[in-house]
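**Student:** Please read through the structure below; I'll follow up with questions.
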Amino acid sequence: MKTGIYRYFLLLALLSLLFGGCAARQTEPGESAAQKTNVGDPLPGEDWNVQYVEMAAGGGGKLLGFAMTEKGLYISFSRASEISEEYPLYYLSSQKLGQTETRHTLEDIVIEMPTEHQPFRLFSDREKLYILVSCITEDADACFLYTQDTGKENMERIDITAAWEEAFAEERTASLAAADKNGLVYIGTAGTECNILVLREDGSLAFVLNRQDCVLYDMTNVEGQVYCVGRSQGTDVLFHIDSQKQELETVAKLPDSRGTVMLRPGQGNTVLYGYYDALYRYDLEKGEGQDIYAWANAGMDGRNIKDFFMDAQGKLWVLPNLEENVLIMMLLQEPAVRSENESVGAKETVIICGDKIRDTELAKAVGMFNIASDKYHVEIKEYEHDRLAAEIMTGNGPDLIPLRTIGVSVAANKGIVEDLNPYLEASEILSRDMLNERVLDLYTVDGRLTCVPPSFSVTTLYGKESELGNEPGWTMEEFLDYVDRHRGLTVMEGFMRDDSRKVMVMMMWYARQQQWVDWKQGTAAFDQGEFEELLRFAAAYEAKYDGGSEYAEEKWQSGRLLLYSRPVTDMRTYLQYQEVLAGDGVAIGFPTQEGTPCNILGAYGTYGISAASPHKEGAWAFIEYLAANQTGKDTYQYGIATLNSAMEEMLEQSKEEKFIGMSGHDIPSATDEDLQQFRQLLDNAVIRDDELTVINEIMSEELDTCFSGGRSVEDTVKVIQDRVQLYLDENL
């Protein structure tokens, strides 16, 4: 294999798809700020700069969080019991934190701490660092507080066991902590009744604050005062802890968290509230608050944020919820705090057509690439369909074009995208024999390689082996006959859930589009007989689909489902589907004219390099990165890695591992026969040409009209033929 793969072989993890953000507006004290964005309104913080930064720390374990002092940033992890009495903290000075590098290596600070002492919370009051520690032995349980003043090397250890037990008895779940300017330390438990232990500097009990009508979420220090957020009387509320009165004072109502809450200090006398949709900033002096950043702008769902903090320059550092020892932070900057030396002008900019809000995996992959590359910087730019077509025609479009928007055949035949074969031959990172040959062949048109997808899945149709035999493949006539013999059953669920009549036609369209549309010649053939035969059969079929919430697997096993379909994304899913089929299933595939086996390959990351791009080398570098940085476990998108070594590793591991199936029972490890059948799915795969958006809409609209009785089969065939042909004439 060729060498020279990027400095960082960073694993990409699947993030959740996003929901909408909340609007930004000021609120008066006590007023609810839970307002929704109107359709079309800009999201809060849409013009913020987003940069990805790697923060390398040795060791690992569960992240205990960040603590900011005047000296700098501290990061701490939990540790295994076998570790020595030297416990490491990870530190980055304020000066280095303010620099613009995309990679920071944190300094190790060693603390003398007995092996049985397990840190579980890191916090600070800007001047002093605190670590909460538990100690569980055969003889007794104890709790300690380690403290360190700024500028001093050694940490002081205070036994707080007596005060802890006064407040929490034997419970060890308290994990929230903050300290005020008077040296008092506040400890509470997230998600439970508000019960806060307050300690003096010597570790003795000052008082216990209890409020039964409030569930505590988080707490923090702001300018020497401690604030907390909790849910009280159905509303999220910001409270100030008054140590003199020993009570919670209501400051303001906050946006509805919907279960995700983080409270952190902002700049000056402000507090930052991170919730599901956005980041909310409340000015404690002015009594005003507003959403300042919608997580969607960075391609994130708020539930996928592990932690965040704001530095002295007002830059917001956000940690996505990744289970990796390498911390990939998103650095968010308001326009007001940007500086010229923080621009990416030193790198060559490559534009990719995409949507960073909906395609969270693309947004993260771009961020990771920008860390890894010291020469290129990729930016995501959204294009409306017609505008993209116009930009491509004028030669002003993006450097990287998703082929699903224009079609693989169209892109190749019209010379819209580069032939990637020469790039692959010259690459020092990839070679053709490193990649799955079947995938490359499917995306090669007349010898032109249009893209190198980093990962893919294969979708097939499963039927009953007792009725269809054990060999894959069937003709359209055999398919129609089989469906006709089982009238009254829902035809298929899984891949599609809809009226069986519509499912049948769309299912055939996905598998047989090359017979009904000639992309190279730009001609439609819906009026050649076969399509009309299918449509006439479907129109006479009972519209069987109950639309219920019951899983397709349950319908299959209860005999109410004729065909079952799911995308195979790895060996685990393949074995799970075999469990559903309960020993009476065959991957029959989609019907074809000749009856040969046919499955549908769906690829992720099908980006072609625009033939008009002035940044072709940079565009290729990004394609290389996506393809090379795949593993059998984590891919750019959930699926099978196109990289042969990763796919083979996944298959080999499946022979050794047991899985938990959909029924909750163990599935045995894969056999050689399982692996052979898995490979056959790919060998028999075809692709849907991706120029489907408009034609899919045409098909869907006209089928709905036909099946509702608004148009005859003959007229529907004619309308579909005319509309598709008009589209081909205007666009090809």
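In the structure tokens, the first chain shown is A, the next is B, and so on; residue numbers restart at 1 for each chain, and ligands run from 1 in the order shown.
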With DSSP run on the backbone, what are the alpha helix (DSSP H) residues within stretch 39-205 of chain A? I'd like them as a list in words.
**Tutor:**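 Written out, the alpha helix (DSSP H) residues of stretch 39-205 of chain A are Ser94, Gln95, Lys96, Leu97, Thr161, Ala162, Ala163, Trp164, Glu165, Glu166, Ala167 and Phe168 of chain A.
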**Student:** Excluding same-chain residues fewer than 4 positions from A:Thr459, what lies within 8 Å of it counting only C-alpha atoms, as an NGL selection string?
**Tutor:** :A and (495 or 565-568 or 599-602)
**Student:** Mind dumping the selected residues with C-alpha atoms as a PDB file, in the first residue's frame?
**Tutor:**
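That gives us result18.pdb:
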ATOM      1  CA  PHE A 495     -36.905   0.715   2.118  1.00  0.00           C
ATOM      2  CA  SER A 565     -36.190  -4.430   2.457  1.00  0.00           C
ATOM      3  CA  ARG A 566     -33.458  -2.667   4.403  1.00  0.00           C
ATOM      4  CA  PRO A 567     -30.056  -1.212   3.487  1.00  0.00           C
ATOM      5  CA  VAL A 568     -27.158  -3.480   4.440  1.00  0.00           C
ATOM      6  CA  ASN A 599     -29.503  -4.891  -5.739  1.00  0.00           C
ATOM      7  CA  ILE A 600     -29.162  -1.123  -5.360  1.00  0.00           C
ATOM      8  CA  LEU A 601     -25.955   0.459  -4.164  1.00  0.00           C
ATOM      9  CA  GLY A 602     -26.304   3.761  -2.359  1.00  0.00           C
TER      10      GLY A 602
END
**Student:** Which polymer residues have any atom within 10 Å of an atom of A:Arg572, counting only C-alpha atoms, with same-chain residues fewer than 2 positions away left out, as a tab-separated table (two decimals) with C-alpha atoms, in the first residue's frame?
**Tutor:**
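Heads up, here's the output in part-v5.tsv:
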chain	number	residue	atom	x	y	z
A	568	VAL	CA	-27.16	-3.48	4.44
A	569	THR	CA	-24.58	-1.19	6.02
A	570	ASP	CA	-22.25	-3.78	7.52
A	574	TYR	CA	-26.92	-8.32	7.36
A	575	LEU	CA	-27.00	-10.86	10.21
A	576	GLN	CA	-29.80	-8.95	11.93
A	577	TYR	CA	-31.92	-9.17	8.79
A	578	GLN	CA	-31.26	-12.90	8.64
A	650	MET	CA	-14.99	-5.46	9.32
A	651	LEU	CA	-15.78	-8.83	7.73
A	654	SER	CA	-17.68	-10.36	12.25
A	657	GLU	CA	-17.93	-11.25	17.32
A	658	LYS	CA	-21.45	-11.97	18.45
A	659	PHE	CA	-24.16	-9.37	17.95
A	660	ILE	CA	-27.38	-8.48	19.69
A	661	GLY	CA	-30.18	-8.88	17.17
A	667	ILE	CA	-26.67	-13.58	16.90
A	669	SER	CA	-20.68	-14.75	14.60
A	670	ALA	CA	-20.63	-14.75	10.80
**Student:** For stretch 178-195 of chain A, please output as a PyMOL selection string all residues within 6 Å (counting only C-alpha atoms; exclusion window: fewer than 6 positions along the same chain).
**Tutor:** chain A and resi 125+201+209-212+214-217+220-221+224-226
**Student:** Based on DSSP run over this structure's backbone, return all residues of stretch 585-682 of chain A in strand (DSSP E or B), as a list in words.
**Tutor:**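 Answer for stretch 585-682 of chain A, restricted to strand (DSSP E or B): Val586, Ala587, Thr592, Asn599, Ile600, Leu601, Gly602, Ala603, Tyr604, Tyr607, Gly608, Ile609, Ser610, Ile640, Ala641, Leu643, Phe659, Ile660, Asp666 and Ile667 of chain A.
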**Student:** A:Thr450, A:Met492, A:Gln513, A:Tyr604: which is nearest A:Leu561, counting only C-alpha atoms?
**Tutor:**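 For A:Leu561, the nearest of the given residues is A:Met492.
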**Student:** Please indicate the distance in Å from atom CA of A:Leu643 to atom CA of A:Pro454, rounded to one decimal place.
**Tutor:**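 Distance between the two atoms: 7.3 Å.
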**Student:** How many Å lie between atom CA of A:Thr460 and atom CA of A:Leu403, rounded to one decimal?
**Tutor:**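 Computing the Euclidean distance for atom CA of A:Thr460 and atom CA of A:Leu403 yields 22.5 Å.
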**Student:** Determine, counting only C-alpha atoms, which protein, DNA and RNA residues have an atom within 12 Å of an atom of A:Lys71; residues of the same chain fewer than 3 positions away are not included. Present the result as a VMD selection string.
**Tutor:** chain A and resid 67 to 68 74 91 to 97 124 to 129 148 to 152 311 to 312
**Student:** For A:Ala540, find every residue with an atom within 12 Å (counting only C-alpha atoms), except residues of its own chain fewer than 3 positions away, and show them as a PyMOL selection string.
**Tutor:** chain A and resi 480+483-484+487-488+500-502+504+533-537+543-544+706-709+712-713
**Student:** Let me see the file: selected residues, N, CA and C atoms, as a PDB file, in the first residue's frame.
**Tutor:**
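Dumped to result_11.pdb:
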ATOM      1  N   LEU A 480     -44.563  -9.743 -10.699  1.00  0.00           N
ATOM      2  CA  LEU A 480     -45.977  -9.395 -10.754  1.00  0.00           C
ATOM      3  C   LEU A 480     -46.852 -10.605 -10.424  1.00  0.00           C
ATOM      4  N   VAL A 483     -46.742 -11.142  -6.606  1.00  0.00           N
ATOM      5  CA  VAL A 483     -47.573 -10.153  -5.914  1.00  0.00           C
ATOM      6  C   VAL A 483     -49.051 -10.462  -6.128  1.00  0.00           C
ATOM      7  N   ASP A 484     -49.425 -10.864  -7.363  1.00  0.00           N
ATOM      8  CA  ASP A 484     -50.819 -11.149  -7.690  1.00  0.00           C
ATOM      9  C   ASP A 484     -51.359 -12.301  -6.855  1.00  0.00           C
ATOM     10  N   ARG A 487     -52.488 -11.026  -3.108  1.00  0.00           N
ATOM     11  CA  ARG A 487     -53.278  -9.796  -2.977  1.00  0.00           C
ATOM     12  C   ARG A 487     -53.854  -9.673  -1.563  1.00  0.00           C
ATOM     13  N   GLY A 488     -53.842  -8.459  -1.069  1.00  0.00           N
ATOM     14  CA  GLY A 488     -54.309  -8.216   0.289  1.00  0.00           C
ATOM     15  C   GLY A 488     -53.186  -7.944   1.263  1.00  0.00           C
ATOM     16  N   SER A 500     -49.134   0.551  -1.364  1.00  0.00           N
ATOM     17  CA  SER A 500     -48.457  -0.531  -2.081  1.00  0.00           C
ATOM     18  C   SER A 500     -48.408  -0.291  -3.582  1.00  0.00           C
ATOM     19  N   ARG A 501     -49.435   0.345  -4.142  1.00  0.00           N
ATOM     20  CA  ARG A 501     -49.436   0.613  -5.580  1.00  0.00           C
ATOM     21  C   ARG A 501     -48.276   1.521  -5.952  1.00  0.00           C
ATOM     22  N   LYS A 502     -48.097   2.560  -5.168  1.00  0.00           N
ATOM     23  CA  LYS A 502     -47.018   3.514  -5.443  1.00  0.00           C
ATOM     24  C   LYS A 502     -45.650   2.884  -5.174  1.00  0.00           C
ATOM     25  N   MET A 504     -44.765  -0.228  -5.500  1.00  0.00           N
ATOM     26  CA  MET A 504     -44.394  -1.123  -6.595  1.00  0.00           C
ATOM     27  C   MET A 504     -43.782  -0.366  -7.764  1.00  0.00           C
ATOM     28  N   GLU A 533     -47.516  -1.572 -18.539  1.00  0.00           N
ATOM     29  CA  GLU A 533     -47.934  -2.857 -17.986  1.00  0.00           C
ATOM     30  C   GLU A 533     -47.819  -2.856 -16.465  1.00  0.00           C
ATOM     31  N   LEU A 534     -46.722  -2.356 -15.967  1.00  0.00           N
ATOM     32  CA  LEU A 534     -46.518  -2.275 -14.525  1.00  0.00           C
ATOM     33  C   LEU A 534     -47.552  -1.354 -13.880  1.00  0.00           C
ATOM     34  N   LEU A 535     -47.776  -0.184 -14.475  1.00  0.00           N
ATOM     35  CA  LEU A 535     -48.699   0.782 -13.906  1.00  0.00           C
ATOM     36  C   LEU A 535     -50.129   0.240 -13.901  1.00  0.00           C
ATOM     37  N   ARG A 536     -50.507  -0.475 -14.970  1.00  0.00           N
ATOM     38  CA  ARG A 536     -51.857  -1.033 -15.044  1.00  0.00           C
ATOM     39  C   ARG A 536     -52.057  -2.091 -13.945  1.00  0.00           C
ATOM     40  N   PHE A 537     -51.026  -2.910 -13.717  1.00  0.00           N
ATOM     41  CA  PHE A 537     -51.114  -3.914 -12.663  1.00  0.00           C
ATOM     42  C   PHE A 537     -51.220  -3.243 -11.293  1.00  0.00           C
ATOM     43  N   ALA A 543     -54.846  -1.017  -2.312  1.00  0.00           N
ATOM     44  CA  ALA A 543     -53.934  -0.083  -1.648  1.00  0.00           C
ATOM     45  C   ALA A 543     -53.770  -0.499  -0.191  1.00  0.00           C
ATOM     46  N   LYS A 544     -52.889  -1.440   0.037  1.00  0.00           N
ATOM     47  CA  LYS A 544     -52.736  -2.002   1.376  1.00  0.00           C
ATOM     48  C   LYS A 544     -51.544  -1.367   2.082  1.00  0.00           C
ATOM     49  N   CYS A 706     -53.122   9.452 -10.559  1.00  0.00           N
ATOM     50  CA  CYS A 706     -53.663   8.242 -11.197  1.00  0.00           C
ATOM     51  C   CYS A 706     -54.385   7.359 -10.189  1.00  0.00           C
ATOM     52  N   PHE A 707     -53.746   7.105  -9.031  1.00  0.00           N
ATOM     53  CA  PHE A 707     -54.308   6.163  -8.078  1.00  0.00           C
ATOM     54  C   PHE A 707     -55.489   6.743  -7.300  1.00  0.00           C
ATOM     55  N   SER A 708     -55.656   8.052  -7.342  1.00  0.00           N
ATOM     56  CA  SER A 708     -56.820   8.666  -6.710  1.00  0.00           C
ATOM     57  C   SER A 708     -57.996   8.766  -7.668  1.00  0.00           C
ATOM     58  N   GLY A 709     -57.818   8.268  -8.912  1.00  0.00           N
ATOM     59  CA  GLY A 709     -58.884   8.277  -9.900  1.00  0.00           C
ATOM     60  C   GLY A 709     -58.946   9.528 -10.741  1.00  0.00           C
ATOM     61  N   SER A 712     -56.496   8.351 -16.072  1.00  0.00           N
ATOM     62  CA  SER A 712     -56.408   6.943 -16.473  1.00  0.00           C
ATOM     63  C   SER A 712     -54.956   6.507 -16.570  1.00  0.00           C
ATOM     64  N   VAL A 713     -54.746   5.195 -16.616  1.00  0.00           N
ATOM     65  CA  VAL A 713     -53.397   4.662 -16.767  1.00  0.00           C
ATOM     66  C   VAL A 713     -52.773   5.158 -18.065  1.00  0.00           C
TER      67      VAL A 713
END
**Student:** What lies within 9 Å of stretch 412-423 of chain A using only C-alpha atoms, ignoring chain neighbours under 4 positions off, as a count of residues only?
**Tutor:** 28
**Student:** Quote the spacing between atom CA of A:Asp213 and atom CA of A:Trp164 in Å to one decimal place.
**Tutor:**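 Distance between the two atoms: 22.2 Å.
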